[in-house]
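For reference, input-v1.cif is printed below; it contains mmCIF, C-alpha atoms.
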```
data_data
#
loop_
_atom_site.group_PDB
_atom_site.id
_atom_site.type_symbol
_atom_site.label_atom_id
_atom_site.label_comp_id
_atom_site.auth_asym_id
_atom_site.auth_seq_id
_atom_site.Cartn_x
_atom_site.Cartn_y
_atom_site.Cartn_z
ATOM 1 C CA MET A 224 179.238 208.384 61.459
ATOM 2 C CA LEU A 225 176.508 205.836 60.700
ATOM 3 C CA ARG A 226 178.982 203.034 61.436
ATOM 4 C CA SER A 227 179.894 204.592 64.790
ATOM 5 C CA PHE A 228 176.223 204.975 65.646
ATOM 6 C CA ALA A 229 175.554 201.335 64.731
ATOM 7 C CA LEU A 230 178.469 200.124 66.833
ATOM 8 C CA SER A 231 177.171 202.206 69.723
ATOM 9 C CA ILE A 232 173.762 200.524 69.470
ATOM 10 C CA VAL A 233 175.362 197.074 69.331
ATOM 11 C CA ALA A 234 177.449 197.832 72.415
ATOM 12 C CA THR A 235 174.408 199.115 74.299
ATOM 13 C CA VAL A 236 172.362 196.045 73.389
ATOM 14 C CA ALA A 237 175.226 193.731 74.390
ATOM 15 C CA LEU A 238 175.580 195.488 77.742
ATOM 16 C CA SER A 239 171.832 195.344 78.367
ATOM 17 C CA THR A 240 171.739 191.657 77.451
ATOM 18 C CA SER A 241 174.576 190.824 79.842
ATOM 19 C CA VAL A 242 172.784 192.602 82.671
ATOM 20 C CA ILE A 243 169.481 190.887 81.925
ATOM 21 C CA ALA A 244 171.186 187.503 81.601
ATOM 22 C CA ALA A 245 172.962 187.661 84.973
ATOM 23 C CA ASP A 246 172.192 184.496 86.948
ATOM 24 C CA LEU A 247 170.175 184.916 90.137
ATOM 25 C CA VAL A 248 171.618 183.188 93.204
ATOM 26 C CA LEU A 249 169.463 182.619 96.283
ATOM 27 C CA VAL A 250 171.565 182.560 99.464
ATOM 28 C CA VAL A 251 169.541 180.783 102.136
ATOM 29 C CA GLY A 252 170.440 182.051 105.593
ATOM 30 C CA GLY A 253 171.893 185.335 104.372
ATOM 31 C CA THR A 254 172.272 186.889 107.820
ATOM 32 C CA GLY A 255 174.205 183.936 109.223
ATOM 33 C CA ARG A 256 177.907 183.854 110.026
ATOM 34 C CA THR A 257 178.567 181.876 106.844
ATOM 35 C CA GLY A 258 175.592 183.263 104.922
ATOM 36 C CA TRP A 259 176.592 186.918 104.952
ATOM 37 C CA PRO A 260 180.133 186.279 103.607
ATOM 38 C CA THR A 261 178.448 184.141 100.941
ATOM 39 C CA VAL A 262 176.186 187.030 99.931
ATOM 40 C CA GLN A 263 179.242 189.282 99.612
ATOM 41 C CA GLU A 264 181.206 186.671 97.656
ATOM 42 C CA ALA A 265 178.331 186.045 95.231
ATOM 43 C CA LEU A 266 177.995 189.775 94.604
ATOM 44 C CA SER A 267 181.744 190.055 94.006
ATOM 45 C CA ALA A 268 181.476 187.192 91.491
ATOM 46 C CA GLY A 269 178.929 189.186 89.485
ATOM 47 C CA TYR A 270 175.741 187.318 90.333
ATOM 48 C CA ASP A 271 172.378 188.861 91.027
ATOM 49 C CA VAL A 272 171.716 187.962 94.647
ATOM 50 C CA ARG A 273 168.583 187.341 96.670
ATOM 51 C CA ALA A 274 169.249 186.563 100.324
ATOM 52 C CA THR A 275 166.812 184.992 102.773
ATOM 53 C CA THR A 276 166.147 186.064 106.313
ATOM 54 C CA THR A 277 163.361 185.544 108.810
ATOM 55 C CA ASN A 278 163.220 189.301 109.464
ATOM 56 C CA VAL A 279 163.762 191.588 106.463
ATOM 57 C CA LYS A 280 163.632 194.838 108.446
ATOM 58 C CA ARG A 281 166.295 193.676 110.885
ATOM 59 C CA ALA A 282 168.482 192.327 108.052
ATOM 60 C CA GLN A 283 168.288 195.617 106.156
ATOM 61 C CA GLU A 284 169.156 197.608 109.274
ATOM 62 C CA ARG A 285 172.170 195.429 109.989
ATOM 63 C CA TYR A 286 173.558 194.785 106.522
ATOM 64 C CA GLY A 287 171.807 197.206 104.170
ATOM 65 C CA SER A 288 170.426 196.077 100.837
ATOM 66 C CA GLU A 289 172.470 197.894 98.223
ATOM 67 C CA GLY A 290 172.906 195.812 95.085
ATOM 68 C CA PHE A 291 170.890 192.808 96.243
ATOM 69 C CA GLU A 292 167.479 191.791 97.566
ATOM 70 C CA TRP A 293 166.330 190.476 100.924
ATOM 71 C CA VAL A 294 163.367 188.093 101.021
ATOM 72 C CA GLU A 295 161.624 186.712 104.083
ATOM 73 C CA MET A 296 161.812 182.926 104.109
ATOM 74 C CA ASP A 297 161.711 180.146 106.646
ATOM 75 C CA ALA A 298 162.996 177.006 104.899
ATOM 76 C CA ARG A 299 160.621 174.898 107.004
ATOM 77 C CA ILE A 300 157.594 176.600 105.408
ATOM 78 C CA LEU A 301 156.886 175.356 101.874
ATOM 79 C CA ASP A 302 154.975 178.406 100.617
ATOM 80 C CA GLU A 303 157.781 180.727 101.697
ATOM 81 C CA VAL A 304 160.373 178.560 99.957
ATOM 82 C CA ARG A 305 158.296 178.535 96.756
ATOM 83 C CA SER A 306 157.995 182.304 96.759
ATOM 84 C CA ALA A 307 161.694 182.881 97.489
ATOM 85 C CA MET A 308 162.771 180.563 94.650
ATOM 86 C CA ASP A 309 160.727 182.295 91.944
ATOM 87 C CA GLY A 310 163.067 183.066 89.049
ATOM 88 C CA VAL A 311 166.130 181.690 90.844
ATOM 89 C CA ASP A 312 168.911 179.995 88.851
ATOM 90 C CA TYR A 313 171.046 178.680 91.714
ATOM 91 C CA VAL A 314 170.545 178.087 95.440
ATOM 92 C CA ILE A 315 173.256 178.162 98.101
ATOM 93 C CA SER A 316 172.118 176.976 101.531
ATOM 94 C CA THR A 317 174.109 178.027 104.602
ATOM 95 C CA ILE A 318 171.536 177.222 107.296
ATOM 96 C CA GLY A 319 171.933 174.858 110.226
ATOM 97 C CA GLY A 320 169.875 173.737 113.206
ATOM 98 C CA ASP A 321 170.058 175.043 116.760
ATOM 99 C CA CYS A 322 172.184 172.723 118.873
ATOM 100 C CA PHE A 323 170.238 173.618 122.012
ATOM 101 C CA ASP A 324 166.694 173.187 120.652
ATOM 102 C CA THR A 325 166.598 169.401 121.019
ATOM 103 C CA GLY A 326 163.585 168.083 119.125
ATOM 104 C CA GLY A 327 162.205 171.614 118.769
ATOM 105 C CA PRO A 328 161.275 173.567 115.628
ATOM 106 C CA SER A 329 164.831 174.885 115.178
ATOM 107 C CA SER A 330 166.472 171.518 115.800
ATOM 108 C CA ALA A 331 168.715 169.664 113.369
ATOM 109 C CA GLN A 332 165.841 167.372 112.419
ATOM 110 C CA HIS A 333 163.747 170.273 111.164
ATOM 111 C CA VAL A 334 166.501 172.454 109.692
ATOM 112 C CA ASP A 335 169.355 170.198 108.563
ATOM 113 C CA TYR A 336 166.962 167.550 107.285
ATOM 114 C CA GLN A 337 163.370 168.650 106.710
ATOM 115 C CA ALA A 338 164.257 172.121 105.432
ATOM 116 C CA VAL A 339 166.724 170.550 102.987
ATOM 117 C CA VAL A 340 163.992 168.172 101.812
ATOM 118 C CA ASN A 341 161.726 171.191 101.269
ATOM 119 C CA MET A 342 164.339 173.138 99.318
ATOM 120 C CA THR A 343 165.275 170.155 97.161
ATOM 121 C CA GLY A 344 161.717 169.387 96.114
ATOM 122 C CA ILE A 345 160.841 172.982 95.323
ATOM 123 C CA ALA A 346 164.133 173.595 93.527
ATOM 124 C CA LEU A 347 163.266 170.660 91.265
ATOM 125 C CA ASP A 348 159.796 172.102 90.634
ATOM 126 C CA LYS A 349 161.224 175.541 89.890
ATOM 127 C CA GLY A 350 163.908 174.321 87.498
ATOM 128 C CA VAL A 351 166.808 175.488 89.657
ATOM 129 C CA LYS A 352 170.091 174.624 87.952
ATOM 130 C CA GLN A 353 172.001 173.603 91.075
ATOM 131 C CA LEU A 354 171.707 173.423 94.857
ATOM 132 C CA VAL A 355 174.923 174.036 96.790
ATOM 133 C CA LEU A 356 174.557 172.829 100.372
ATOM 134 C CA THR A 357 176.718 173.646 103.375
ATOM 135 C CA SER A 358 176.965 170.510 105.522
ATOM 136 C CA ALA A 359 179.661 169.367 107.980
ATOM 137 C CA LEU A 360 182.810 167.263 107.946
ATOM 138 C CA GLY A 361 181.409 164.709 110.401
ATOM 139 C CA ALA A 362 178.105 164.184 108.588
ATOM 140 C CA GLY A 363 177.046 160.530 108.622
ATOM 141 C CA LYS A 364 179.259 159.426 111.526
ATOM 142 C CA PRO A 365 177.045 157.929 114.282
ATOM 143 C CA ASP A 366 179.872 157.940 116.838
ATOM 144 C CA GLN A 367 180.849 161.561 116.190
ATOM 145 C CA PRO A 368 180.947 163.209 119.668
ATOM 146 C CA LEU A 369 178.886 166.187 118.537
ATOM 147 C CA ASN A 370 175.886 163.887 118.114
ATOM 148 C CA GLN A 371 175.818 163.188 121.843
ATOM 149 C CA PHE A 372 175.203 166.744 122.981
ATOM 150 C CA CYS A 373 173.983 168.507 119.853
ATOM 151 C CA ASP A 374 170.711 166.910 118.841
ATOM 152 C CA ASN A 375 172.199 164.102 116.720
ATOM 153 C CA VAL A 376 173.177 166.835 114.286
ATOM 154 C CA GLN A 377 175.676 164.918 112.164
ATOM 155 C CA MET A 378 173.127 162.244 111.345
ATOM 156 C CA TRP A 379 170.443 164.741 110.379
ATOM 157 C CA LYS A 380 172.945 166.577 108.201
ATOM 158 C CA TRP A 381 173.800 163.329 106.441
ATOM 159 C CA LEU A 382 170.129 162.525 105.901
ATOM 160 C CA GLY A 383 169.643 165.949 104.332
ATOM 161 C CA GLU A 384 172.639 165.348 102.076
ATOM 162 C CA ASP A 385 171.398 161.919 101.115
ATOM 163 C CA TYR A 386 167.974 163.224 100.146
ATOM 164 C CA ILE A 387 169.679 165.549 97.686
ATOM 165 C CA ARG A 388 171.934 162.796 96.346
ATOM 166 C CA ASP A 389 168.921 160.528 95.747
ATOM 167 C CA ASN A 390 167.147 163.123 93.588
ATOM 168 C CA SER A 391 167.796 164.395 90.077
ATOM 169 C CA LEU A 392 168.588 167.962 91.127
ATOM 170 C CA PRO A 393 172.145 169.022 90.185
ATOM 171 C CA TYR A 394 174.013 169.592 93.449
ATOM 172 C CA THR A 395 177.262 170.177 95.278
ATOM 173 C CA ILE A 396 177.672 169.467 99.001
ATOM 174 C CA VAL A 397 180.446 171.249 100.904
ATOM 175 C CA ARG A 398 181.637 169.847 104.250
ATOM 176 C CA PRO A 399 183.730 172.181 106.429
ATOM 177 C CA GLY A 400 184.927 171.257 109.903
ATOM 178 C CA ALA A 401 185.659 173.776 112.652
ATOM 179 C CA LEU A 402 184.922 177.318 111.516
ATOM 180 C CA GLY A 403 186.598 180.669 112.145
ATOM 181 C CA ASP A 404 185.324 184.204 111.630
ATOM 182 C CA GLU A 405 188.458 185.924 110.350
ATOM 183 C CA GLU A 406 189.007 187.335 106.870
ATOM 184 C CA GLY A 407 189.186 184.835 104.027
ATOM 185 C CA GLY A 408 191.600 184.598 101.123
ATOM 186 C CA LYS A 409 194.703 184.683 103.295
ATOM 187 C CA VAL A 410 195.821 181.037 103.082
ATOM 188 C CA GLY A 411 195.415 178.143 100.694
ATOM 189 C CA LEU A 412 192.524 175.716 100.874
ATOM 190 C CA GLN A 413 192.241 171.956 100.509
ATOM 191 C CA LEU A 414 189.394 170.169 98.721
ATOM 192 C CA ALA A 415 189.013 166.416 99.223
ATOM 193 C CA GLY A 416 186.508 163.664 98.612
ATOM 194 C CA ALA A 417 183.926 162.823 101.275
ATOM 195 C CA GLY A 418 185.304 160.582 104.015
ATOM 196 C CA THR A 419 188.954 161.268 103.259
ATOM 197 C CA MET A 420 189.566 164.157 105.678
ATOM 198 C CA GLU A 421 189.654 163.505 109.431
ATOM 199 C CA THR A 422 189.942 167.052 110.766
ATOM 200 C CA SER A 423 189.424 170.503 109.330
ATOM 201 C CA PHE A 424 189.636 174.162 110.240
ATOM 202 C CA ILE A 425 188.581 176.867 107.821
ATOM 203 C CA GLN A 426 187.394 180.457 107.920
ATOM 204 C CA ARG A 427 183.719 180.978 107.114
ATOM 205 C CA ALA A 428 184.698 183.522 104.478
ATOM 206 C CA ASP A 429 186.759 180.820 102.753
ATOM 207 C CA VAL A 430 183.809 178.420 102.900
ATOM 208 C CA ALA A 431 181.839 181.166 101.145
ATOM 209 C CA ARG A 432 184.487 181.323 98.414
ATOM 210 C CA ILE A 433 184.169 177.578 97.813
ATOM 211 C CA LEU A 434 180.361 177.682 97.844
ATOM 212 C CA VAL A 435 180.247 180.426 95.225
ATOM 213 C CA ALA A 436 182.995 178.818 93.140
ATOM 214 C CA SER A 437 180.829 175.670 93.010
ATOM 215 C CA VAL A 438 177.930 177.552 91.404
ATOM 216 C CA GLY A 439 177.598 176.674 87.722
ATOM 217 C CA ASN A 440 180.846 174.701 87.923
ATOM 218 C CA LYS A 441 180.456 171.415 86.006
ATOM 219 C CA ASP A 442 183.499 170.017 87.813
ATOM 220 C CA ALA A 443 181.700 170.459 91.158
ATOM 221 C CA LEU A 444 178.471 168.673 90.214
ATOM 222 C CA SER A 445 177.345 165.500 91.999
ATOM 223 C CA LYS A 446 180.179 165.791 94.498
ATOM 224 C CA THR A 447 180.388 165.880 98.289
ATOM 225 C CA ILE A 448 183.505 167.874 99.129
ATOM 226 C CA ALA A 449 185.444 168.063 102.391
ATOM 227 C CA VAL A 450 187.206 171.414 102.809
ATOM 228 C CA SER A 451 189.931 172.817 105.027
ATOM 229 C CA SER A 452 192.570 175.506 105.208
ATOM 230 C CA ASP A 453 196.000 174.561 103.843
ATOM 231 C CA LYS A 454 198.824 176.935 104.718
ATOM 232 C CA GLU A 455 201.214 175.101 102.395
ATOM 233 C CA ALA A 456 199.122 175.761 99.268
ATOM 234 C CA GLY A 457 198.750 178.882 97.168
ATOM 235 C CA VAL A 458 195.762 181.057 98.002
ATOM 236 C CA ASP A 459 193.882 180.208 94.803
ATOM 237 C CA ASP A 460 195.376 176.811 93.920
ATOM 238 C CA TRP A 461 192.228 175.043 95.139
ATOM 239 C CA ARG A 462 190.148 176.414 92.272
ATOM 240 C CA LYS A 463 191.622 173.861 89.879
ATOM 241 C CA ASP A 464 191.051 170.935 92.250
ATOM 242 C CA PHE A 465 187.312 170.446 91.631
ATOM 243 C CA SER A 466 187.927 168.375 88.523
ATOM 244 C CA GLY A 467 190.005 165.777 90.369
ATOM 245 C CA LEU A 468 187.404 165.057 93.042
ATOM 246 C CA PRO A 469 185.328 161.879 92.749
ATOM 247 C CA VAL A 470 181.680 161.943 91.756
ATOM 248 C CA ASP A 471 179.424 160.604 94.507
ATOM 249 C CA SER A 472 178.533 156.937 94.404
ATOM 250 C CA ARG A 473 175.490 155.359 96.016
ATOM 251 C CA GLN A 474 175.984 155.433 99.779
ATOM 252 C CA ILE A 475 174.674 152.974 102.339
ATOM 253 C CA PRO A 476 172.581 154.916 104.888
ATOM 254 C CA PRO A 477 174.121 154.743 108.379
ATOM 255 C CA LEU A 478 170.726 155.749 109.761
ATOM 256 C CA THR A 479 167.167 156.271 108.518
ATOM 257 C CA PRO A 480 165.098 159.343 109.509
ATOM 258 C CA ALA A 481 162.984 157.135 111.798
ATOM 259 C CA ALA A 482 166.068 155.707 113.469
ATOM 260 C CA ALA A 483 167.557 159.167 113.903
ATOM 261 C CA ALA A 484 164.381 160.364 115.621
ATOM 262 C CA ALA A 485 164.393 157.290 117.851
ATOM 263 C CA ARG A 486 167.905 158.163 119.020
ATOM 264 C CA GLY A 487 166.499 161.307 120.600
ATOM 265 C CA GLY A 488 167.529 163.705 117.801
#
```
Please re-express this file's structure in structure tokens.
Amino acid sequence: MLRSFALSIVATVALSTSVIAADLVLVVGGTGRTGWPTVQEALSAGYDVRATTTNVKRAQERYGSEGFEWVEMDARILDEVRSAMDGVDYVISTIGGDCFDTGGPSSAQHVDYQAVVNMTGIALDKGVKQLVLTSALGAGKPDQPLNQFCDNVQMWKWLGEDYIRDNSLPYTIVRPGALGDEEGGKVGLQLAGAGTMETSFIQRADVARILVASVGNKDALSKTIAVSSDKEAGVDDWRKDFSGLPVDSRQIPPLTPAAAAARGG
């Protein structure tokens, strides 16, 4: 009987330890069309989840808050970022600028670049283990058509990426192309090195699967990854492909922040 009691205590302690030791993932932009699937995917993967929003009351009314925490955070405001990252192990960013707010506070310059700079610096200060950033397939291409009518967005996204790459923070950058809003996990996915994929279409829910699979994954570190759907591949074959992707090398900037601003972005 004593042995059974002892084993019961050990099991209880082990269970308590596993709960306490669960890693906390901060999903930045948790109410977004990619952010909310990412919250759900992170919860399904067993992480503790804190999701950011600019309006907690509205987020709770729309999505609830069972099993995770909402926190009010604007990534452009340093104090809010610091508070949201308290105790966080990993950060997944799903935010992006407003295509129609040219030069304004929600523009690509302030969200895809400056907000990423803010998150990177504070993540370093807070000892975050990894930042996983959602970027875009055309990032860094000056002649990408989207730049012409969408606030020079692809250049600002690249500048945000490059700021991360130039720092010591462990990171993974995920570059999807065109995005759909249907259910994920229905077709295979393709992972490729940066600059090797010309076009891409992928469901946001599948982007979320890749983002969460990158968390704590040593084979995903220091890599910029182009992603797409692949109907010829098995649904989960992509999970083994991280290890074969190249680690990022030093990249020559196609544009500086000053030059990007001068272009009207």
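Comparing A:Ala274, A:Leu382, A:Val279, A:Leu444 by their smallest distance to Pro260 (chain A), the closest is A:Ala274 (using only C-alpha atoms).
Here CA of Leu354 (chain A) is placed at a distance of 27.0 Å from CA of Lys409 (chain A).
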Open item on the list: Could you check the closest approach to Tyr386 (chain A) for each of A:Gln371, A:Gln337, A:Ser451, A:Thr275 and tell me which residue wins, using only C-alpha atoms?
Closed with: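 The shortest atom-to-atom distance to Tyr386 (chain A) comes from A:Gln337.
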Report, as JSON, the axis-aligned box around all atoms of region 267-270 of chain A present in the file, extended by 5 Å on each side; give centre and edge lengths in Å to one decimal place.
```
{"center_x": 178.7, "center_y": 188.6, "center_z": 91.7, "size_x": 16.0, "size_y": 12.9, "size_z": 14.5}
```
Open item on the list: When the PyMOL selection byres ((chain A and resi 418) around 9) is applied to the structure above, which residues does it catch, written out as a ChimeraX atom specification?
Closed with: /A:360-361,415-417,419-421,448-449
Task: Two-atom distance - CA of Ile345 (chain A), CA of Arg281 (chain A) (Å) - done: 26.5 Å
Task: Nearest residue to Asp429 (chain A) from the set A:Leu414, A:Ala362, A:Ala245, A:Ala443 (distances using only C-alpha atoms) - done: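 Closest candidate: A:Leu414.
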Explicit residues for the PyMOL selection byres ((chain A and resi 375) around 12) (as a PDB file with C-alpha atoms, in the frame of the given file):
```pdb
ATOM      1  CA  GLY A 320     169.875 173.737 113.206  1.00  0.00           C
ATOM      2  CA  ASP A 321     170.058 175.043 116.760  1.00  0.00           C
ATOM      3  CA  CYS A 322     172.184 172.723 118.873  1.00  0.00           C
ATOM      4  CA  PHE A 323     170.238 173.618 122.012  1.00  0.00           C
ATOM      5  CA  ASP A 324     166.694 173.187 120.652  1.00  0.00           C
ATOM      6  CA  THR A 325     166.598 169.401 121.019  1.00  0.00           C
ATOM      7  CA  GLY A 326     163.585 168.083 119.125  1.00  0.00           C
ATOM      8  CA  SER A 330     166.472 171.518 115.800  1.00  0.00           C
ATOM      9  CA  ALA A 331     168.715 169.664 113.369  1.00  0.00           C
ATOM     10  CA  GLN A 332     165.841 167.372 112.419  1.00  0.00           C
ATOM     11  CA  HIS A 333     163.747 170.273 111.164  1.00  0.00           C
ATOM     12  CA  ASP A 335     169.355 170.198 108.563  1.00  0.00           C
ATOM     13  CA  TYR A 336     166.962 167.550 107.285  1.00  0.00           C
ATOM     14  CA  GLY A 361     181.409 164.709 110.401  1.00  0.00           C
ATOM     15  CA  ALA A 362     178.105 164.184 108.588  1.00  0.00           C
ATOM     16  CA  GLY A 363     177.046 160.530 108.622  1.00  0.00           C
ATOM     17  CA  LYS A 364     179.259 159.426 111.526  1.00  0.00           C
ATOM     18  CA  PRO A 365     177.045 157.929 114.282  1.00  0.00           C
ATOM     19  CA  ASP A 366     179.872 157.940 116.838  1.00  0.00           C
ATOM     20  CA  GLN A 367     180.849 161.561 116.190  1.00  0.00           C
ATOM     21  CA  PRO A 368     180.947 163.209 119.668  1.00  0.00           C
ATOM     22  CA  LEU A 369     178.886 166.187 118.537  1.00  0.00           C
ATOM     23  CA  ASN A 370     175.886 163.887 118.114  1.00  0.00           C
ATOM     24  CA  GLN A 371     175.818 163.188 121.843  1.00  0.00           C
ATOM     25  CA  PHE A 372     175.203 166.744 122.981  1.00  0.00           C
ATOM     26  CA  CYS A 373     173.983 168.507 119.853  1.00  0.00           C
ATOM     27  CA  ASP A 374     170.711 166.910 118.841  1.00  0.00           C
ATOM     28  CA  VAL A 376     173.177 166.835 114.286  1.00  0.00           C
ATOM     29  CA  GLN A 377     175.676 164.918 112.164  1.00  0.00           C
ATOM     30  CA  MET A 378     173.127 162.244 111.345  1.00  0.00           C
ATOM     31  CA  TRP A 379     170.443 164.741 110.379  1.00  0.00           C
ATOM     32  CA  LYS A 380     172.945 166.577 108.201  1.00  0.00           C
ATOM     33  CA  TRP A 381     173.800 163.329 106.441  1.00  0.00           C
ATOM     34  CA  LEU A 382     170.129 162.525 105.901  1.00  0.00           C
ATOM     35  CA  LEU A 478     170.726 155.749 109.761  1.00  0.00           C
ATOM     36  CA  PRO A 480     165.098 159.343 109.509  1.00  0.00           C
ATOM     37  CA  ALA A 482     166.068 155.707 113.469  1.00  0.00           C
ATOM     38  CA  ALA A 483     167.557 159.167 113.903  1.00  0.00           C
ATOM     39  CA  ALA A 484     164.381 160.364 115.621  1.00  0.00           C
ATOM     40  CA  ALA A 485     164.393 157.290 117.851  1.00  0.00           C
ATOM     41  CA  ARG A 486     167.905 158.163 119.020  1.00  0.00           C
ATOM     42  CA  GLY A 487     166.499 161.307 120.600  1.00  0.00           C
ATOM     43  CA  GLY A 488     167.529 163.705 117.801  1.00  0.00           C
TER      44      GLY A 488
END
```
Open item on the list: as a PyMOL selection string, please: the residues near Gly252 (chain A) (cut-off 8 Å, all atoms listed in the file, same-chain neighbours under 5 positions excluded).
Closed with: chain A and resi 258-259+274-276+316-318
Open item on the list: Which residues are near Asp453 (chain A)? Cut-off 8 Å, only C-alpha atoms, ignore same chain within fewer than 4 positions. Put them as a list of chain:residue names.
Closed with: A:Val410, A:Gly411, A:Leu412, A:Gln413
Open item on the list: For a quick check of understanding, using all atoms listed in the file, which of A:Ala431, A:Phe424, A:Asn278, A:Asp385 has the smallest distance to Lys454 (chain A)?
Closed with: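 Going through A:Ala431, A:Phe424, A:Asn278, A:Asp385 one by one, the smallest distance to Lys454 (chain A) is for A:Phe424.
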- [ ] Give the answer as one residue: which of A:Ser466, A:Ser472, A:Thr257, A:Thr422 has the shortest atom-to-atom distance to Gly319 (chain A), using all atoms listed in the file?
- [x]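 Ranked by minimum distance to Gly319 (chain A), first place goes to A:Thr257.
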Some atoms are missing, so please complete region 261-274 of chain A with N, CA and C atoms and return it as a tab-separated table (two decimals), keeping the file's coordinate frame.
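So the final result, stored in rebuild.tsv, reads:
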```
chain	number	residue	atom	x	y	z
A	261	THR	N	178.85	184.75	102.21
A	261	THR	CA	178.45	184.14	100.94
A	261	THR	C	177.71	185.15	100.07
A	262	VAL	N	176.85	185.96	100.67
A	262	VAL	CA	176.19	187.03	99.93
A	262	VAL	C	177.23	187.95	99.31
A	263	GLN	N	178.20	188.37	100.10
A	263	GLN	CA	179.24	189.28	99.61
A	263	GLN	C	180.07	188.64	98.50
A	264	GLU	N	180.40	187.36	98.66
A	264	GLU	CA	181.21	186.67	97.66
A	264	GLU	C	180.43	186.52	96.35
A	265	ALA	N	179.15	186.20	96.43
A	265	ALA	CA	178.33	186.04	95.23
A	265	ALA	C	178.19	187.37	94.49
A	266	LEU	N	178.06	188.46	95.23
A	266	LEU	CA	178.00	189.78	94.60
A	266	LEU	C	179.32	190.10	93.91
A	267	SER	N	180.42	189.80	94.59
A	267	SER	CA	181.74	190.06	94.01
A	267	SER	C	181.97	189.24	92.74
A	268	ALA	N	181.34	188.06	92.67
A	268	ALA	CA	181.48	187.19	91.49
A	268	ALA	C	180.57	187.62	90.34
A	269	GLY	N	179.75	188.65	90.56
A	269	GLY	CA	178.93	189.19	89.48
A	269	GLY	C	177.53	188.63	89.38
A	270	TYR	N	177.10	187.86	90.36
A	270	TYR	CA	175.74	187.32	90.33
A	270	TYR	C	174.72	188.34	90.83
A	271	ASP	N	173.50	188.23	90.35
A	271	ASP	CA	172.38	188.86	91.03
A	271	ASP	C	172.11	188.03	92.26
A	272	VAL	N	171.83	188.68	93.38
A	272	VAL	CA	171.72	187.96	94.65
A	272	VAL	C	170.40	188.29	95.34
A	273	ARG	N	169.74	187.24	95.78
A	273	ARG	CA	168.58	187.34	96.67
A	273	ARG	C	168.96	186.57	97.92
A	274	ALA	N	168.85	187.21	99.08
A	274	ALA	CA	169.25	186.56	100.32
A	274	ALA	C	168.04	186.39	101.23
```
